[in-house]
$ cat coords_35.txt   # compact mmCIF, C-alpha atoms
# COMPACT_ATOMS: atom_id res chain seq x y z
CA MET A 1 19.83 -24.51 10.59
CA GLY A 2 19.18 -28.21 10.10
CA ARG A 3 20.36 -28.81 13.66
CA VAL A 4 18.10 -26.04 14.96
CA ALA A 5 15.14 -27.73 13.28
CA GLU A 6 16.12 -30.90 15.16
CA GLU A 7 15.66 -29.10 18.50
CA ASP A 8 19.37 -28.42 19.03
CA GLU A 9 19.32 -25.33 21.25
CA ARG A 10 23.07 -24.87 21.12
CA ALA A 11 22.85 -24.63 17.34
CA PHE A 12 20.20 -21.94 17.71
CA THR A 13 22.42 -19.98 20.10
CA GLU A 14 25.23 -20.18 17.56
CA LEU A 15 22.91 -18.99 14.84
CA VAL A 16 21.83 -15.95 16.87
CA ARG A 17 25.45 -15.16 17.67
CA ARG A 18 26.43 -15.37 14.02
CA PHE A 19 23.62 -13.30 12.53
CA GLN A 20 22.69 -10.89 15.34
CA GLY A 21 24.80 -8.02 13.98
CA ARG A 22 23.38 -8.17 10.48
CA VAL A 23 19.79 -8.49 11.64
CA ILE A 24 20.10 -5.62 14.13
CA ASN A 25 21.81 -3.56 11.44
CA LEU A 26 19.11 -4.19 8.87
CA VAL A 27 16.23 -3.44 11.22
CA SER A 28 17.96 -0.46 12.71
CA ARG A 29 18.77 1.11 9.32
CA VAL A 30 15.30 0.51 7.96
CA LEU A 31 13.65 2.02 11.03
CA ASN A 32 16.39 4.46 12.01
CA ASP A 33 15.50 3.62 15.59
CA ARG A 34 18.14 1.85 17.61
CA GLU A 35 15.98 1.25 20.68
CA VAL A 36 13.19 -0.54 18.88
CA SER A 37 15.52 -2.45 16.58
CA ASP A 38 16.97 -4.64 19.38
CA ASP A 39 13.52 -5.80 20.33
CA LEU A 40 12.48 -6.35 16.74
CA ALA A 41 15.70 -8.24 15.96
CA GLN A 42 14.94 -10.52 18.92
CA GLU A 43 11.49 -11.10 17.49
CA VAL A 44 13.08 -12.13 14.18
CA PHE A 45 15.06 -14.89 15.92
CA VAL A 46 12.06 -15.90 18.01
CA ARG A 47 10.09 -16.43 14.80
CA VAL A 48 12.94 -18.44 13.32
CA TYR A 49 12.88 -20.67 16.40
CA VAL A 50 9.11 -21.04 16.61
CA HIS A 51 8.81 -21.81 12.88
CA ARG A 52 12.04 -23.82 12.64
CA ARG A 53 10.20 -26.86 11.25
CA ASN A 54 8.93 -24.77 8.33
CA TYR A 55 12.45 -24.13 7.09
CA ARG A 56 13.04 -25.89 3.78
CA ARG A 57 16.30 -27.78 3.81
CA GLY A 58 18.50 -26.85 0.89
CA SER A 59 17.29 -23.26 0.74
CA LYS A 60 19.62 -20.52 1.85
CA PHE A 61 19.16 -19.78 5.53
CA SER A 62 20.16 -16.10 5.29
CA THR A 63 17.45 -15.54 2.65
CA TRP A 64 14.82 -17.02 4.96
CA LEU A 65 16.13 -15.09 7.97
CA PHE A 66 16.20 -11.74 6.15
CA THR A 67 12.78 -12.35 4.64
CA ILE A 68 11.42 -12.52 8.19
CA ALA A 69 13.48 -9.49 9.24
CA ALA A 70 12.35 -7.41 6.24
CA ASN A 71 8.70 -8.33 6.81
CA LEU A 72 8.83 -7.41 10.49
CA ALA A 73 10.58 -4.13 9.70
CA LYS A 74 7.98 -3.30 7.04
CA ASN A 75 5.15 -4.11 9.47
CA GLU A 76 6.73 -1.83 12.05
CA ILE A 77 7.00 1.03 9.54
CA ARG A 78 3.34 0.58 8.56
CA ARG A 79 2.31 0.48 12.21
CA ARG A 80 4.17 3.72 12.76
CA VAL A 81 2.60 5.35 9.72
CA ARG A 82 -0.87 4.38 10.98
CA ARG A 83 -0.03 5.77 14.40
CA ARG A 84 1.40 8.92 12.86
CA ASN A 85 -1.92 9.58 11.17
CA TRP A 86 -3.34 9.95 14.64
CA PHE A 87 -0.43 11.68 16.28
CA SER A 88 0.83 14.11 13.70
CA LEU A 89 3.53 15.32 16.10
CA ASP A 90 5.73 12.46 14.88
CA ALA A 91 5.22 13.57 11.29
CA LEU A 92 6.21 17.06 12.26
CA GLN A 93 9.33 15.74 13.93
CA GLU A 94 10.20 13.76 10.80
CA MET A 95 9.76 16.85 8.66
CA VAL A 96 12.09 18.74 10.96
CA ASN A 97 14.62 15.93 10.72
CA ASP A 98 14.26 15.87 6.93
CA SER A 99 15.02 19.51 6.61
CA ALA A 100 18.00 19.09 8.90
CA ILE A 101 19.84 16.68 6.61
CA GLN A 102 22.88 18.80 6.56
CA LEU A 103 25.91 19.19 8.69
CA ALA A 104 26.54 22.05 11.03
CA ASP A 105 29.42 24.20 9.90
CA PRO A 106 32.61 22.84 11.41
CA LYS A 107 33.81 25.19 14.08
CA GLU A 108 37.42 25.76 14.88
CA GLY A 109 38.85 22.87 16.82
CA GLN A 110 35.75 20.77 16.38
CA ASP A 111 36.47 17.13 16.77
CA VAL A 112 36.73 15.18 13.53
CA GLU A 113 34.94 12.34 15.27
CA LEU A 114 32.01 14.59 15.99
CA GLN A 115 31.78 15.55 12.33
CA ARG A 116 31.88 11.91 11.36
CA ALA A 117 29.11 11.10 13.83
CA GLN A 118 27.04 13.93 12.40
CA LEU A 119 27.58 12.61 8.91
CA LYS A 120 26.39 9.13 9.93
CA GLN A 121 23.34 10.58 11.59
CA ALA A 122 22.50 12.64 8.54
CA VAL A 123 22.87 9.63 6.22
CA GLY A 124 20.74 7.53 8.58
CA ARG A 125 18.01 10.18 8.57
CA ALA A 126 18.18 10.43 4.79
CA ILE A 127 17.69 6.65 4.48
CA ALA A 128 14.76 6.80 6.88
CA ALA A 129 13.17 9.48 4.71
CA VAL A 130 13.07 7.16 1.65
CA PRO A 131 9.60 5.58 1.23
CA GLU A 132 9.35 2.15 2.83
CA LYS A 133 8.78 0.33 -0.47
CA TYR A 134 12.18 1.43 -1.76
CA ARG A 135 14.01 1.67 1.57
CA VAL A 136 13.98 -2.03 2.45
CA ALA A 137 15.37 -3.00 -0.96
CA LEU A 138 18.03 -0.28 -0.70
CA VAL A 139 19.21 -1.40 2.75
CA LEU A 140 19.31 -5.05 1.68
CA ARG A 141 21.41 -4.12 -1.35
CA ASP A 142 23.66 -1.23 -0.34
CA LEU A 143 24.11 -2.06 3.33
CA GLU A 144 23.77 -5.80 3.48
CA GLY A 145 25.17 -6.49 0.02
CA PHE A 146 22.57 -9.02 -1.09
CA ALA A 147 22.25 -9.94 -4.78
CA TYR A 148 19.22 -8.60 -6.65
CA GLU A 149 17.87 -12.14 -7.07
CA GLU A 150 18.07 -12.80 -3.33
CA ILE A 151 16.32 -9.53 -2.57
CA GLY A 152 13.61 -10.45 -5.06
CA GLU A 153 13.15 -13.75 -3.25
CA MET A 154 12.99 -12.02 0.14
CA LEU A 155 10.52 -9.35 -0.92
CA LYS A 156 8.65 -11.67 -3.30
CA ILE A 157 9.02 -9.33 -6.26
CA PRO A 158 10.65 -9.89 -9.70
CA GLY A 159 14.31 -9.02 -10.27
CA GLY A 160 13.42 -6.09 -12.55
CA THR A 161 11.24 -4.57 -9.85
CA VAL A 162 14.06 -4.95 -7.32
CA ARG A 163 16.42 -3.05 -9.62
CA SER A 164 13.94 -0.28 -10.31
CA ARG A 165 13.13 0.10 -6.60
CA ILE A 166 16.79 0.33 -5.70
CA ASN A 167 17.48 2.85 -8.46
CA ARG A 168 14.51 4.89 -7.33
CA ALA A 169 15.71 4.74 -3.70
CA ARG A 170 19.21 5.84 -4.68
CA GLY A 171 17.81 8.77 -6.64
CA ILE A 172 15.66 9.89 -3.72
CA LEU A 173 18.58 9.48 -1.36
CA LYS A 174 20.86 11.50 -3.61
CA ARG A 175 18.38 14.38 -3.59
CA LYS A 176 17.98 14.17 0.19
CA MET A 177 21.73 14.19 0.66
CA GLN A 178 22.34 17.05 -1.74
CA PRO A 179 23.40 19.44 1.06
CA LEU A 180 26.00 16.94 2.27
CA LEU A 181 27.29 16.28 -1.22
CA ARG A 182 27.53 19.98 -1.96
CA LYS A 183 29.82 20.39 1.02
CA GLU A 184 32.07 17.78 -0.54
CA GLY A 185 32.07 19.75 -3.77
CA LEU A 186 29.78 17.35 -5.65
CA MET B 1 19.44 11.74 -26.02
CA SER B 2 22.96 10.54 -25.25
CA CYS B 3 22.70 12.01 -21.71
CA LYS B 4 19.49 10.06 -21.16
CA ARG B 5 21.18 6.89 -22.35
CA ALA B 6 24.13 7.61 -20.04
CA ARG B 7 21.90 8.09 -17.01
CA ASN B 8 20.08 4.85 -17.74
CA LEU B 9 23.43 3.07 -17.51
CA PHE B 10 24.52 4.59 -14.16
CA ALA B 11 23.13 1.80 -11.98
CA THR B 12 24.53 -1.05 -14.07
CA TYR B 13 27.83 0.78 -14.38
CA TRP B 14 28.00 1.07 -10.58
CA ASP B 15 27.13 -2.62 -10.24
CA ASP B 16 29.79 -3.41 -12.86
CA GLU B 17 27.21 -5.13 -15.02
CA VAL B 18 27.67 -3.12 -18.22
CA THR B 19 29.11 -4.67 -21.36
CA GLN B 20 32.56 -3.63 -22.54
CA ALA B 21 31.02 -1.56 -25.34
CA GLU B 22 28.66 0.23 -22.90
CA ARG B 23 31.54 0.92 -20.53
CA GLU B 24 33.65 2.47 -23.26
CA TRP B 25 30.76 4.53 -24.57
CA LEU B 26 29.83 5.81 -21.07
CA GLU B 27 33.39 6.70 -20.15
CA SER B 28 33.86 8.62 -23.37
CA HIS B 29 30.55 10.39 -22.67
CA PHE B 30 31.82 11.35 -19.19
CA GLY B 31 34.84 12.91 -20.88
CA ALA B 32 32.59 15.08 -23.00
CA CYS B 33 29.69 15.79 -20.60
CA SER B 34 30.59 17.31 -17.24
CA ALA B 35 26.92 17.34 -16.12
CA CYS B 36 26.62 13.56 -16.47
CA ARG B 37 30.00 13.10 -14.80
CA ALA B 38 28.88 15.22 -11.82
CA GLU B 39 25.55 13.40 -11.66
CA TYR B 40 27.26 10.02 -11.59
CA ASP B 41 29.80 11.15 -8.98
CA ALA B 42 27.00 12.35 -6.71
CA LEU B 43 25.18 9.02 -7.09
CA ALA B 44 28.35 7.02 -6.45
CA ARG B 45 29.16 9.08 -3.36
CA THR B 46 25.63 8.58 -2.04
CA ILE B 47 25.93 4.81 -2.37
CA GLU B 48 29.39 4.91 -0.78
CA LEU B 49 28.12 6.93 2.18
CA VAL B 50 25.28 4.45 2.75
CA GLY B 51 27.68 1.53 2.50
CA SER B 52 30.17 3.14 4.86
CA LEU B 53 27.69 3.42 7.71
CA PRO B 54 29.11 1.47 10.64
CA ARG B 55 27.41 -1.71 11.78
CA GLU B 56 25.26 -1.31 14.82
CA GLU B 57 26.71 -2.91 17.96
CA SER B 58 24.68 -5.72 19.49
CA PRO B 59 23.95 -5.43 23.19
CA ALA B 60 26.19 -7.68 25.32
CA ASP B 61 23.38 -9.95 26.49
CA PHE B 62 21.47 -10.03 23.20
CA VAL B 63 22.11 -13.73 22.54
CA GLU B 64 21.09 -14.88 26.01
CA ARG B 65 17.95 -12.74 26.08
CA THR B 66 16.95 -13.86 22.59
CA VAL B 67 17.42 -17.55 23.34
CA ALA B 68 15.41 -17.21 26.57
CA ARG B 69 12.63 -15.38 24.76
CA ALA B 70 12.56 -17.97 21.97
CA ARG B 71 12.33 -20.75 24.54
CA ARG B 72 9.36 -19.05 26.21
CA ALA B 73 7.67 -18.43 22.86
CA ALA B 74 8.12 -22.08 21.85
CA VAL B 75 6.36 -23.17 25.05
CA GLU B 76 3.54 -20.67 24.47
CA PRO B 77 3.28 -20.44 20.68
CA ASP B 78 0.45 -17.91 20.97
CA HIS B 79 3.04 -15.43 22.18
CA VAL B 80 4.09 -15.00 18.57
CA PRO B 81 1.28 -13.06 16.90
CA GLY B 82 1.75 -14.66 13.49
CA ALA B 83 1.78 -18.18 14.93
CA SER B 84 -1.77 -18.07 16.28
CA HIS B 85 -4.22 -19.65 13.86
CA ARG B 86 -6.56 -21.39 16.29
CA TRP B 87 -9.53 -19.19 15.32
CA VAL B 88 -9.23 -20.05 11.66
CA PRO B 89 -11.08 -23.43 11.76
CA ILE B 90 -13.76 -22.04 14.11
CA THR B 91 -14.41 -19.05 11.85
CA ALA B 92 -14.43 -21.25 8.75
CA ALA B 93 -16.92 -23.67 10.34
CA ALA B 94 -19.21 -20.80 11.40
CA ALA B 95 -19.13 -19.32 7.89
CA LEU B 96 -19.91 -22.71 6.34
CA LEU B 97 -22.87 -23.23 8.71
CA ALA B 98 -24.21 -19.77 7.89
CA VAL B 99 -24.00 -20.46 4.16
CA LEU B 100 -25.64 -23.91 4.49
CA GLY B 101 -28.37 -22.52 6.78
CA GLY B 102 -29.13 -19.69 4.39
CA SER B 103 -29.33 -22.09 1.43
CA ALA B 104 -31.63 -24.46 3.35
CA ILE B 105 -34.03 -21.65 4.31
CA GLN B 106 -34.11 -20.37 0.75
CA TRP B 107 -34.73 -23.89 -0.62
CA ALA B 108 -37.57 -24.53 1.88
CA GLY B 109 -39.17 -21.20 1.07
CA LEU B 110 -39.11 -21.85 -2.66
CA SER B 111 -40.49 -25.36 -2.40
CA THR B 112 -43.49 -24.48 -0.13
CA ALA B 113 -44.59 -21.10 -1.43
CA PRO B 114 -47.23 -21.26 -4.22
CA GLU B 115 -46.14 -19.92 -7.50
CA GLN B 116 -47.29 -16.34 -7.82
CA ARG B 117 -47.90 -15.03 -11.29
CA PRO B 118 -47.66 -11.30 -11.69
CA THR B 119 -50.95 -9.55 -12.40
CA PRO B 120 -50.79 -7.95 -15.79
CA VAL B 121 -50.71 -4.17 -15.77
CA ALA B 122 -53.31 -2.36 -17.81
CA ILE B 123 -51.55 0.26 -19.83
CA GLN B 124 -53.75 3.24 -20.57
CA GLN B 125 -53.41 4.73 -23.99
CA PRO B 126 -52.12 8.31 -23.87
CA THR B 127 -54.79 10.98 -24.33
CA TRP B 128 -54.41 13.19 -27.38
CA VAL B 129 -54.71 16.78 -26.20
CA GLY B 130 -53.30 18.50 -29.25
CA PRO B 131 -55.35 20.38 -31.79
CA ALA B 132 -57.98 18.44 -33.66
CA PRO B 133 -57.02 17.41 -37.16
CA GLY B 134 -57.55 20.29 -39.53
CA THR B 135 -57.12 22.97 -36.82
CA THR B 136 -54.57 25.66 -37.65
CA VAL B 137 -51.88 26.46 -35.12
CA SER B 138 -50.20 29.83 -35.17
CA ARG B 139 -47.39 31.32 -33.06
CA SER B 140 -48.03 34.25 -30.74
CA SER B 141 -45.55 37.09 -30.30
CA THR B 142 -44.04 35.20 -27.34
CA GLY B 143 -43.56 32.15 -29.46
CA GLN B 144 -46.33 30.18 -27.74
CA PRO B 145 -48.46 28.12 -30.12
CA GLN B 146 -52.06 29.23 -30.37
CA ILE B 147 -54.94 27.21 -31.79
CA ALA B 148 -57.41 29.08 -33.84
CA GLY B 149 -60.76 29.36 -31.99
CA ALA B 150 -59.44 27.87 -28.76
CA THR B 151 -59.08 29.82 -25.51
CA ASN B 152 -57.32 27.09 -23.50
CA THR B 153 -53.58 27.19 -23.24
CA VAL B 154 -51.86 24.45 -25.10
CA PRO B 155 -49.65 22.15 -23.01
CA ASP B 156 -45.92 21.87 -23.74
CA SER B 157 -46.32 18.35 -24.97
CA ILE B 158 -48.88 16.91 -27.29
CA PHE B 159 -49.47 14.24 -24.62
CA ASP B 160 -50.96 15.15 -21.25
CA HIS B 161 -48.59 13.87 -18.54
CA GLY B 162 -50.60 15.33 -15.68
CA GLU B 163 -51.90 11.98 -14.53
CA ASP B 164 -48.48 10.41 -14.65
CA VAL B 165 -47.11 13.20 -12.48
CA GLU B 166 -49.98 12.87 -10.05
CA PHE B 167 -49.27 9.18 -9.65
CA ILE B 168 -45.58 9.79 -8.99
CA LEU B 169 -46.31 12.45 -6.35
CA ASP B 170 -48.76 10.26 -4.45
CA PRO B 171 -47.37 8.21 -1.59
CA VAL B 172 -46.65 4.69 -2.66
CA THR B 173 -47.23 1.80 -0.36
CA LEU B 174 -45.23 -1.34 -1.01
CA ARG B 175 -47.01 -4.49 -0.06
CA LYS B 176 -46.04 -8.01 -1.13
CA GLY B 177 -44.27 -6.86 -4.20
CA ARG B 178 -47.02 -4.46 -5.32
CA ALA B 179 -47.17 -0.71 -5.20
CA HIS B 180 -50.47 1.09 -4.47
CA THR B 181 -51.27 4.77 -4.54
CA THR B 182 -53.62 6.33 -2.04
CA ILE B 183 -55.55 9.56 -2.61
CA ARG B 184 -55.67 11.78 0.46
CA GLY B 185 -58.68 14.05 0.92
CA ALA B 186 -61.00 15.60 -1.56
CA ASP B 187 -58.71 18.43 -2.59
CA ALA B 188 -55.71 16.23 -3.13
CA PRO B 189 -54.60 16.01 -6.71
CA ARG B 190 -56.64 13.32 -8.30
CA GLY B 191 -55.41 10.64 -10.58
CA GLN B 192 -56.32 7.18 -11.57
CA GLN B 193 -55.32 4.49 -9.09
CA ALA B 194 -52.56 2.40 -10.46
CA THR B 195 -51.03 -0.90 -9.45
CA ILE B 196 -47.60 -1.91 -10.49
CA THR B 197 -46.45 -5.45 -10.14
CA PHE B 198 -42.73 -6.00 -9.75

$ encode --input "coords_35.txt" --output "structure tokens"
Amino acid sequence: MGRVAEEDERAFTELVRRFQGRVINLVSRVLNDREVSDDLAQEVFVRVYVHRRNYRRGSKFSTWLFTIAANLAKNEIRRRVRRRNWFSLDALQEMVNDSAIQLADPKEGQDVELQRAQLKQAVGRAIAAVPEKYRVALVLRDLEGFAYEEIGEMLKIPGGTVRSRINRARGILKRKMQPLLRKEGL
Amino acid sequence: MSCKRARNLFATYWDDEVTQAEREWLESHFGACSACRAEYDALARTIELVGSLPREESPADFVERTVARARRAAVEPDHVPGASHRWVPITAAAALLAVLGGSAIQWAGLSTAPEQRPTPVAIQQPTWVGPAPGTTVSRSSTGQPQIAGATNTVPDSIFDHGEDVEFILDPVTLRKGRAHTTIRGADAPRGQQATITF
């Protein structure tokens, strides 16, 4: 990142190449919207580039990068919530999706891959149904594997709050995924 | 109580942050409590399912498009919404001018205007309308008080508030910090003119 701050464009290209997957993954899982997440992930790197001189040397680059990513994802969720207040059709769609967090009964000869894809979709929808405040912390922890302290730094909240948000998110998620878990005999 | 304690330890147990004593206690509790065991298994499976979600694939040209977009944004920093702060100094200067202007006008007004002392308000003593001293007051069958030898009805209160009410009902004109009442027509309810200084 030090080289990026010194106007080294090749270093910036390398940085995008190295972190693109994780940033797209974070944004995509928080929003549960693959199409928008590419654009938003690009915006994350654009901000890194534009504000490269603000980066404090010695601090962890991934923390800074994911702080920007988490903030943009949160802004996007809030923008959508505001829009949804006007166009309640989206809310209706989300309710339909919520109630559909279960797998179709496997038919004879049904492809295992299809079942797996359904499972992923259902888990993705369940994550998207967790309130934003808890969802971002959950994705950073259980998908991206960040330490609680790092998440606290990214979201600018104390470590205890991070833990309670993640626990709350996991509890909500467990309830949302109850139909899936029941199928597994849990 | 022990189930509550067990559930409070689930998250730290999953994160492998429990002490050895807590681990042993929780595992022995799982052996005795199938409900807590099932609850923990469901939580653990939920976290596993989230963690097992595959990583999203990046589009093939993501790097090139991103670098090009960043280059454009660096040339035109206003492209990035959060990077535009050019209105901040203008707005701050305008607000400062407004505050200074307001203060100057107020100061000028205070220094030139003659000091106005409020006119004292004459407070009228309340009129005693109750029975004269020594008069006997009895209660009628309806409970209304009756004064011996008097035909007038006795008001609810020993003070007559009629004039006060009349003043309140009259239109009040505010002029230079004073309130005046005006009496309209001959048959309008009459009361004493009053002036209140604020």

$ interface_residues --input "coords_35.txt" --of "chain B" --to "chain A" --cutoff "9 Å" --atoms "only C-alpha atoms" --output "PyMOL selection string"
chain B and resi 11+38-39+41-43+45-59+62-67+69-71+73-74+77+80+82-83

$ atom_distance --input "coords_35.txt" --atom1 "atom CA of Ala128 of chain A" --atom2 "atom CA of Asp111 of chain A"
26.0 Å

$ atom_distance --input "coords_35.txt" --atom1 "atom CA of Gly159 of chain A" --atom2 "atom CA of Arg135 of chain A"
16.0 Å

$ residues_around --input "coords_35.txt" --residues "Cys36 of chain B" --least-positions-apart "4" --cutoff "12 Å" --atoms "only C-alpha atoms" --output "list in words"
Leu186 of chain A; Ser2, Cys3, Lys4, Arg5, Ala6, Arg7, Asn8, Leu9, Phe10, Leu26, Glu27, Ser28, His29, Phe30, Gly31, Ala32, Tyr40, Asp41, Ala42 and Leu43 of chain B

$ atom_distance --input "coords_35.txt" --atom1 "atom CA of Arg72 of chain B" --atom2 "atom CA of Ser62 of chain A"
23.7 Å

$ build_atoms --input "coords_35.txt" --residues "segment 132-161 of chain A" --atoms "N, CA and C atoms" --output "PDB file, in the coordinates of the input"
ATOM      1  N   GLU A 132       9.116   3.520   2.354  1.00  0.00           N
ATOM      2  CA  GLU A 132       9.350   2.150   2.830  1.00  0.00           C
ATOM      3  C   GLU A 132       9.560   1.141   1.697  1.00  0.00           C
ATOM      4  N   LYS A 133       8.745   1.278   0.654  1.00  0.00           N
ATOM      5  CA  LYS A 133       8.780   0.330  -0.470  1.00  0.00           C
ATOM      6  C   LYS A 133      10.183   0.250  -1.084  1.00  0.00           C
ATOM      7  N   TYR A 134      10.847   1.387  -1.145  1.00  0.00           N
ATOM      8  CA  TYR A 134      12.180   1.430  -1.760  1.00  0.00           C
ATOM      9  C   TYR A 134      13.284   1.231  -0.715  1.00  0.00           C
ATOM     10  N   ARG A 135      12.986   1.667   0.524  1.00  0.00           N
ATOM     11  CA  ARG A 135      14.010   1.670   1.570  1.00  0.00           C
ATOM     12  C   ARG A 135      14.514   0.270   1.906  1.00  0.00           C
ATOM     13  N   VAL A 136      13.579  -0.672   2.048  1.00  0.00           N
ATOM     14  CA  VAL A 136      13.980  -2.030   2.450  1.00  0.00           C
ATOM     15  C   VAL A 136      14.900  -2.626   1.397  1.00  0.00           C
ATOM     16  N   ALA A 137      14.534  -2.461   0.126  1.00  0.00           N
ATOM     17  CA  ALA A 137      15.370  -3.000  -0.960  1.00  0.00           C
ATOM     18  C   ALA A 137      16.748  -2.335  -0.953  1.00  0.00           C
ATOM     19  N   LEU A 138      16.769  -1.030  -0.718  1.00  0.00           N
ATOM     20  CA  LEU A 138      18.030  -0.280  -0.700  1.00  0.00           C
ATOM     21  C   LEU A 138      18.955  -0.788   0.412  1.00  0.00           C
ATOM     22  N   VAL A 139      18.388  -0.959   1.610  1.00  0.00           N
ATOM     23  CA  VAL A 139      19.210  -1.400   2.750  1.00  0.00           C
ATOM     24  C   VAL A 139      19.734  -2.812   2.498  1.00  0.00           C
ATOM     25  N   LEU A 140      18.870  -3.672   1.956  1.00  0.00           N
ATOM     26  CA  LEU A 140      19.310  -5.050   1.680  1.00  0.00           C
ATOM     27  C   LEU A 140      20.444  -5.068   0.662  1.00  0.00           C
ATOM     28  N   ARG A 141      20.384  -4.144  -0.291  1.00  0.00           N
ATOM     29  CA  ARG A 141      21.410  -4.120  -1.350  1.00  0.00           C
ATOM     30  C   ARG A 141      22.661  -3.354  -0.905  1.00  0.00           C
ATOM     31  N   ASP A 142      22.485  -2.094  -0.536  1.00  0.00           N
ATOM     32  CA  ASP A 142      23.660  -1.230  -0.340  1.00  0.00           C
ATOM     33  C   ASP A 142      24.264  -1.317   1.056  1.00  0.00           C
ATOM     34  N   LEU A 143      23.532  -1.869   1.997  1.00  0.00           N
ATOM     35  CA  LEU A 143      24.110  -2.060   3.330  1.00  0.00           C
ATOM     36  C   LEU A 143      24.451  -3.518   3.586  1.00  0.00           C
ATOM     37  N   GLU A 144      23.546  -4.384   3.188  1.00  0.00           N
ATOM     38  CA  GLU A 144      23.770  -5.800   3.480  1.00  0.00           C
ATOM     39  C   GLU A 144      24.428  -6.539   2.314  1.00  0.00           C
ATOM     40  N   GLY A 145      24.448  -5.920   1.157  1.00  0.00           N
ATOM     41  CA  GLY A 145      25.170  -6.490   0.020  1.00  0.00           C
ATOM     42  C   GLY A 145      24.532  -7.722  -0.609  1.00  0.00           C
ATOM     43  N   PHE A 146      23.218  -7.872  -0.473  1.00  0.00           N
ATOM     44  CA  PHE A 146      22.570  -9.020  -1.090  1.00  0.00           C
ATOM     45  C   PHE A 146      22.465  -8.841  -2.603  1.00  0.00           C
ATOM     46  N   ALA A 147      22.430  -9.973  -3.315  1.00  0.00           N
ATOM     47  CA  ALA A 147      22.250  -9.940  -4.780  1.00  0.00           C
ATOM     48  C   ALA A 147      20.803  -9.569  -5.083  1.00  0.00           C
ATOM     49  N   TYR A 148      20.583  -9.012  -6.272  1.00  0.00           N
ATOM     50  CA  TYR A 148      19.220  -8.600  -6.650  1.00  0.00           C
ATOM     51  C   TYR A 148      18.255  -9.793  -6.593  1.00  0.00           C
ATOM     52  N   GLU A 149      18.742 -10.953  -7.025  1.00  0.00           N
ATOM     53  CA  GLU A 149      17.870 -12.140  -7.070  1.00  0.00           C
ATOM     54  C   GLU A 149      17.442 -12.529  -5.659  1.00  0.00           C
ATOM     55  N   GLU A 150      18.397 -12.457  -4.716  1.00  0.00           N
ATOM     56  CA  GLU A 150      18.070 -12.800  -3.330  1.00  0.00           C
ATOM     57  C   GLU A 150      17.047 -11.822  -2.752  1.00  0.00           C
ATOM     58  N   ILE A 151      17.250 -10.553  -3.067  1.00  0.00           N
ATOM     59  CA  ILE A 151      16.320  -9.530  -2.570  1.00  0.00           C
ATOM     60  C   ILE A 151      14.928  -9.781  -3.155  1.00  0.00           C
ATOM     61  N   GLY A 152      14.890 -10.142  -4.430  1.00  0.00           N
ATOM     62  CA  GLY A 152      13.610 -10.450  -5.060  1.00  0.00           C
ATOM     63  C   GLY A 152      12.909 -11.597  -4.357  1.00  0.00           C
ATOM     64  N   GLU A 153      13.703 -12.598  -3.961  1.00  0.00           N
ATOM     65  CA  GLU A 153      13.150 -13.750  -3.250  1.00  0.00           C
ATOM     66  C   GLU A 153      12.620 -13.330  -1.872  1.00  0.00           C
ATOM     67  N   MET A 154      13.387 -12.471  -1.207  1.00  0.00           N
ATOM     68  CA  MET A 154      12.990 -12.020   0.140  1.00  0.00           C
ATOM     69  C   MET A 154      11.724 -11.185   0.105  1.00  0.00           C
ATOM     70  N   LEU A 155      11.655 -10.273  -0.869  1.00  0.00           N
ATOM     71  CA  LEU A 155      10.520  -9.350  -0.920  1.00  0.00           C
ATOM     72  C   LEU A 155       9.397  -9.868  -1.809  1.00  0.00           C
ATOM     73  N   LYS A 156       9.644 -11.035  -2.412  1.00  0.00           N
ATOM     74  CA  LYS A 156       8.650 -11.670  -3.300  1.00  0.00           C
ATOM     75  C   LYS A 156       8.247 -10.745  -4.452  1.00  0.00           C
ATOM     76  N   ILE A 157       9.248 -10.195  -5.092  1.00  0.00           N
ATOM     77  CA  ILE A 157       9.020  -9.330  -6.260  1.00  0.00           C
ATOM     78  C   ILE A 157      10.031  -9.739  -7.351  1.00  0.00           C
ATOM     79  N   PRO A 158       9.701  -9.502  -8.634  1.00  0.00           N
ATOM     80  CA  PRO A 158      10.650  -9.890  -9.700  1.00  0.00           C
ATOM     81  C   PRO A 158      11.941  -9.080  -9.663  1.00  0.00           C
ATOM     82  N   GLY A 159      12.991  -9.661 -10.269  1.00  0.00           N
ATOM     83  CA  GLY A 159      14.310  -9.020 -10.270  1.00  0.00           C
ATOM     84  C   GLY A 159      14.294  -7.612 -10.851  1.00  0.00           C
ATOM     85  N   GLY A 160      13.509  -7.417 -11.922  1.00  0.00           N
ATOM     86  CA  GLY A 160      13.420  -6.090 -12.550  1.00  0.00           C
ATOM     87  C   GLY A 160      12.841  -5.060 -11.597  1.00  0.00           C
ATOM     88  N   THR A 161      11.859  -5.483 -10.829  1.00  0.00           N
ATOM     89  CA  THR A 161      11.240  -4.570  -9.850  1.00  0.00           C
ATOM     90  C   THR A 161      12.229  -4.218  -8.753  1.00  0.00           C
TER      91      THR A 161
END
